[in-house]
Amino acid sequence: MTRPLPSLLLGLCALSACNNDEEVKYQQINAEDDALTVLVGEPELLDPANTVVRSSTGEVEIGSAEVSPGGGPIGTDHEVVVIVFDDYQDLVDRVSIRTRSPGRGEDEYDLIQDSADEGYYKLTITSAGTADEQREDTLTVRLWQAEETTEE
């Protein structure tokens, strides 16, 4: 069966997005050492760990970050919350955390922005490992601002 030409063109256009795809590039706008430590493999749940989120020079407080609990047994769900202060919310287009774990490498996760508060970002992560494993994981907070839009 022959497909009508307009449908075929529309299908090809959808597949290639008609060359109008835009790639957003981001620039980190907070201090590169804004981080939290999570103690993985602890027998008990620990108190939350928190830190101040600072500007790129480290001189201005622009928000806060917390992971709760701050440690616990393997398989614990940890809620990560980043709050961007009102004066800086318009600068932030995306928030992520980079996880660094000894012997397990690095990963990066985008936090979910709250629909009612543009400065509130949240994500739940679960600590993984073997039953007897104990380690310190680092969660580096990263605030991103859209740099530019380019066409591919």
# chains A, B, ... in the order shown; residues from 1 in each chain; ligands from 1
call {"tool": "residues_around", "arguments": {"residues": "Arg104 of chain A", "least_positions_apart": "4", "cutoff": "10 Å", "atoms": "only C-alpha atoms", "output": "MDAnalysis selection string"}}
result
chainID A and resid 99:100 128:129 137
call {"tool": "select_by_dssp", "arguments": {"residues": "segment 32-121 of chain A", "states": "helix (DSSP H, G or I)", "output": "compact mmCIF listing (two decimals) with N, CA and C atoms, in the first residue's frame"}}
result
# COMPACT_ATOMS: atom_id res chain seq x y z
N ASP A 86 14.61 33.12 47.31
CA ASP A 86 13.75 33.89 46.40
C ASP A 86 14.52 34.81 45.46
N ASP A 87 15.53 35.51 45.98
CA ASP A 87 16.27 36.48 45.16
C ASP A 87 17.05 35.84 44.02
N TYR A 88 17.25 34.52 44.06
CA TYR A 88 18.10 33.86 43.06
C TYR A 88 17.35 32.84 42.20
N GLN A 89 16.05 32.67 42.46
CA GLN A 89 15.27 31.66 41.74
C GLN A 89 15.25 31.89 40.23
N ASP A 90 15.24 33.14 39.78
CA ASP A 90 15.20 33.43 38.35
C ASP A 90 16.50 33.05 37.64
N LEU A 91 17.57 32.87 38.38
CA LEU A 91 18.85 32.49 37.78
C LEU A 91 18.95 30.99 37.51
call {"tool": "closest_residue", "arguments": {"among": "A:Val141, A:Ala131, A:Ile125, A:Ala146", "to": "Ile83 of chain A", "atoms": "only C-alpha atoms"}}
result
A:Val141
call {"tool": "residues_around", "arguments": {"residues": "Ala65 of chain A", "least_positions_apart": "2", "cutoff": "9 Å", "atoms": "only C-alpha atoms", "output": "PyMOL selection string"}}
result
chain A and resi 34-36+49-53+63+67+80-84+141
call {"tool": "write_last_selection", "arguments": {"atoms": "N, CA and C atoms", "output": "PDB file, in the first residue's frame"}}
result
ATOM      1  N   ASP A  34      29.950  22.650  46.866  1.00  0.00           N
ATOM      2  CA  ASP A  34      28.735  22.556  47.681  1.00  0.00           C
ATOM      3  C   ASP A  34      28.315  21.092  47.712  1.00  0.00           C
ATOM      4  N   ALA A  35      28.530  20.426  48.851  1.00  0.00           N
ATOM      5  CA  ALA A  35      28.300  18.985  48.884  1.00  0.00           C
ATOM      6  C   ALA A  35      27.785  18.526  50.246  1.00  0.00           C
ATOM      7  N   LEU A  36      27.147  17.374  50.208  1.00  0.00           N
ATOM      8  CA  LEU A  36      26.644  16.689  51.391  1.00  0.00           C
ATOM      9  C   LEU A  36      27.319  15.322  51.469  1.00  0.00           C
ATOM     10  N   ALA A  49      21.682  15.581  56.979  1.00  0.00           N
ATOM     11  CA  ALA A  49      22.908  16.339  56.708  1.00  0.00           C
ATOM     12  C   ALA A  49      22.501  17.533  55.862  1.00  0.00           C
ATOM     13  N   ASN A  50      23.082  18.692  56.140  1.00  0.00           N
ATOM     14  CA  ASN A  50      22.718  19.871  55.349  1.00  0.00           C
ATOM     15  C   ASN A  50      23.925  20.739  55.085  1.00  0.00           C
ATOM     16  N   THR A  51      23.770  21.610  54.104  1.00  0.00           N
ATOM     17  CA  THR A  51      24.837  22.543  53.737  1.00  0.00           C
ATOM     18  C   THR A  51      24.220  23.796  53.133  1.00  0.00           C
ATOM     19  N   VAL A  52      25.005  24.835  53.124  1.00  0.00           N
ATOM     20  CA  VAL A  52      24.628  26.075  52.464  1.00  0.00           C
ATOM     21  C   VAL A  52      25.019  25.944  50.997  1.00  0.00           C
ATOM     22  N   VAL A  53      24.189  26.446  50.099  1.00  0.00           N
ATOM     23  CA  VAL A  53      24.526  26.506  48.680  1.00  0.00           C
ATOM     24  C   VAL A  53      24.977  27.933  48.408  1.00  0.00           C
ATOM     25  N   GLY A  63      21.179  29.535  48.675  1.00  0.00           N
ATOM     26  CA  GLY A  63      20.213  28.492  48.978  1.00  0.00           C
ATOM     27  C   GLY A  63      20.729  27.535  50.020  1.00  0.00           C
ATOM     28  N   VAL A  67      19.942  16.339  52.935  1.00  0.00           N
ATOM     29  CA  VAL A  67      19.632  14.939  52.643  1.00  0.00           C
ATOM     30  C   VAL A  67      19.181  14.306  53.956  1.00  0.00           C
ATOM     31  N   VAL A  80      16.489  14.129  49.088  1.00  0.00           N
ATOM     32  CA  VAL A  80      17.383  15.259  48.851  1.00  0.00           C
ATOM     33  C   VAL A  80      16.514  16.461  48.506  1.00  0.00           C
ATOM     34  N   VAL A  81      16.700  17.554  49.243  1.00  0.00           N
ATOM     35  CA  VAL A  81      15.942  18.781  49.002  1.00  0.00           C
ATOM     36  C   VAL A  81      16.922  19.935  48.835  1.00  0.00           C
ATOM     37  N   VAL A  82      16.745  20.694  47.757  1.00  0.00           N
ATOM     38  CA  VAL A  82      17.519  21.907  47.533  1.00  0.00           C
ATOM     39  C   VAL A  82      16.530  23.060  47.468  1.00  0.00           C
ATOM     40  N   ILE A  83      16.818  24.091  48.248  1.00  0.00           N
ATOM     41  CA  ILE A  83      15.980  25.286  48.254  1.00  0.00           C
ATOM     42  C   ILE A  83      16.827  26.448  47.758  1.00  0.00           C
ATOM     43  N   VAL A  84      16.345  27.105  46.705  1.00  0.00           N
ATOM     44  CA  VAL A  84      16.998  28.291  46.162  1.00  0.00           C
ATOM     45  C   VAL A  84      16.256  29.495  46.729  1.00  0.00           C
ATOM     46  N   VAL A 141      25.939  19.305  45.044  1.00  0.00           N
ATOM     47  CA  VAL A 141      24.778  20.063  44.575  1.00  0.00           C
ATOM     48  C   VAL A 141      25.207  20.950  43.421  1.00  0.00           C
TER      49      VAL A 141
END
call {"tool": "atom_distance", "arguments": {"atom1": "atom CA of Glu118 of chain A", "atom2": "atom CA of Ser96 of chain A"}}
result
14.5 Å
call {"tool": "atom_distance", "arguments": {"atom1": "atom CA of Gly105 of chain A", "atom2": "atom CA of Tyr120 of chain A"}}
result
27.5 Å
call {"tool": "closest_residue", "arguments": {"among": "A:Glu133, A:Asp33, A:Asp110, A:Glu59", "to": "Gly72 of chain A", "atoms": "only C-alpha atoms"}}
result
A:Glu133
call {"tool": "atom_distance", "arguments": {"atom1": "atom CA of Glu108 of chain A", "atom2": "atom CA of Pro43 of chain A"}}
result
26.4 Å
call {"tool": "closest_residue", "arguments": {"among": "A:Arg54, A:Glu44, A:Lys122, A:Val60", "to": "Thr76 of chain A", "atoms": "only C-alpha atoms"}}
result
A:Glu44
call {"tool": "closest_residue", "arguments": {"among": "A:Glu66, A:Glu61, A:Glu147, A:Glu42", "to": "Asp132 of chain A", "atoms": "only C-alpha atoms"}}
result
A:Glu42
call {"tool": "closest_residue", "arguments": {"among": "A:His78, A:Arg94, A:Leu111, A:Gly58", "to": "Lys25 of chain A", "atoms": "only C-alpha atoms"}}
result
A:Arg94
call {"tool": "residues_around", "arguments": {"residues": "Pro69 of chain A", "least_positions_apart": "5", "cutoff": "6 Å", "atoms": "only C-alpha atoms", "output": "PyMOL selection string"}}
result
chain A and resi 46-48+78
call {"tool": "write_last_selection", "arguments": {"atoms": "N, CA, C and O atoms", "output": "PDB file, in the first residue's frame"}}
result
ATOM      1  N   LEU A  46      20.466   8.064  60.478  1.00  0.00           N
ATOM      2  CA  LEU A  46      21.154   9.213  61.064  1.00  0.00           C
ATOM      3  C   LEU A  46      20.368  10.494  60.843  1.00  0.00           C
ATOM      4  O   LEU A  46      19.487  10.562  59.982  1.00  0.00           O
ATOM      5  N   ASP A  47      20.720  11.524  61.609  1.00  0.00           N
ATOM      6  CA  ASP A  47      20.099  12.833  61.439  1.00  0.00           C
ATOM      7  C   ASP A  47      20.362  13.363  60.033  1.00  0.00           C
ATOM      8  O   ASP A  47      21.349  12.979  59.398  1.00  0.00           O
ATOM      9  N   PRO A  48      19.523  14.284  59.556  1.00  0.00           N
ATOM     10  CA  PRO A  48      19.755  14.879  58.236  1.00  0.00           C
ATOM     11  C   PRO A  48      21.113  15.571  58.167  1.00  0.00           C
ATOM     12  O   PRO A  48      21.624  16.070  59.172  1.00  0.00           O
ATOM     13  N   HIS A  78      16.778   8.106  50.701  1.00  0.00           N
ATOM     14  CA  HIS A  78      17.268   9.400  51.174  1.00  0.00           C
ATOM     15  C   HIS A  78      16.575  10.487  50.377  1.00  0.00           C
ATOM     16  O   HIS A  78      16.662  10.512  49.146  1.00  0.00           O
TER      17      HIS A  78
END
call {"tool": "residues_around", "arguments": {"residues": "Arg135 of chain A", "least_positions_apart": "2", "cutoff": "8 Å", "atoms": "only C-alpha atoms", "output": "MDAnalysis selection string"}}
result
chainID A and resid 39:41 101:102 133 137
call {"tool": "write_last_selection", "arguments": {"atoms": "N, CA, C and O atoms", "output": "PDB file, in the first residue's frame"}}
result
ATOM      1  N   LEU A  39      26.412   8.711  54.972  1.00  0.00           N
ATOM      2  CA  LEU A  39      27.082   7.532  55.507  1.00  0.00           C
ATOM      3  C   LEU A  39      26.223   6.307  55.192  1.00  0.00           C
ATOM      4  O   LEU A  39      25.136   6.137  55.744  1.00  0.00           O
ATOM      5  N   VAL A  40      26.724   5.488  54.273  1.00  0.00           N
ATOM      6  CA  VAL A  40      25.987   4.321  53.792  1.00  0.00           C
ATOM      7  C   VAL A  40      26.457   3.078  54.536  1.00  0.00           C
ATOM      8  O   VAL A  40      27.650   2.879  54.726  1.00  0.00           O
ATOM      9  N   GLY A  41      25.503   2.267  54.970  1.00  0.00           N
ATOM     10  CA  GLY A  41      25.828   1.028  55.679  1.00  0.00           C
ATOM     11  C   GLY A  41      25.820   1.184  57.187  1.00  0.00           C
ATOM     12  O   GLY A  41      26.255   0.283  57.903  1.00  0.00           O
ATOM     13  N   SER A 101      30.688   7.779  44.849  1.00  0.00           N
ATOM     14  CA  SER A 101      30.722   6.710  45.817  1.00  0.00           C
ATOM     15  C   SER A 101      32.002   5.893  45.634  1.00  0.00           C
ATOM     16  O   SER A 101      32.274   5.434  44.531  1.00  0.00           O
ATOM     17  N   PRO A 102      32.795   5.709  46.714  1.00  0.00           N
ATOM     18  CA  PRO A 102      34.031   4.936  46.594  1.00  0.00           C
ATOM     19  C   PRO A 102      33.760   3.539  46.024  1.00  0.00           C
ATOM     20  O   PRO A 102      32.898   2.821  46.512  1.00  0.00           O
ATOM     21  N   GLU A 133      28.589  -3.657  53.560  1.00  0.00           N
ATOM     22  CA  GLU A 133      29.352  -2.521  53.034  1.00  0.00           C
ATOM     23  C   GLU A 133      29.116  -1.257  53.858  1.00  0.00           C
ATOM     24  O   GLU A 133      27.990  -0.959  54.252  1.00  0.00           O
ATOM     25  N   ASP A 137      29.385   8.425  50.884  1.00  0.00           N
ATOM     26  CA  ASP A 137      29.049   8.923  49.554  1.00  0.00           C
ATOM     27  C   ASP A 137      28.976  10.445  49.609  1.00  0.00           C
ATOM     28  O   ASP A 137      28.573  11.024  50.627  1.00  0.00           O
TER      29      ASP A 137
END
call {"tool": "select_by_dssp", "arguments": {"residues": "segment 29-107 of chain A", "states": "strand (DSSP E)", "output": "PyMOL selection string"}}
result
chain A and resi 35-40+49-54+61-68+71-72+77-84+94-101+105-107
call {"tool": "residues_around", "arguments": {"residues": "Asn30 of chain A", "least_positions_apart": "2", "cutoff": "6 Å", "atoms": "only C-alpha atoms", "output": "mmCIF file with C-alpha atoms, in the first residue's frame"}}
result
data_model
loop_
_atom_site.group_PDB
_atom_site.id
_atom_site.type_symbol
_atom_site.label_atom_id
_atom_site.label_comp_id
_atom_site.auth_asym_id
_atom_site.auth_seq_id
_atom_site.Cartn_x
_atom_site.Cartn_y
_atom_site.Cartn_z
ATOM 1 C CA GLN A 28 26.916 25.849 36.766
ATOM 2 C CA ARG A 54 26.797 29.363 47.644
ATOM 3 C CA SER A 55 27.388 31.449 44.531
ATOM 4 C CA SER A 56 30.163 30.524 42.098
ATOM 5 C CA LEU A 143 22.600 24.711 40.188
#
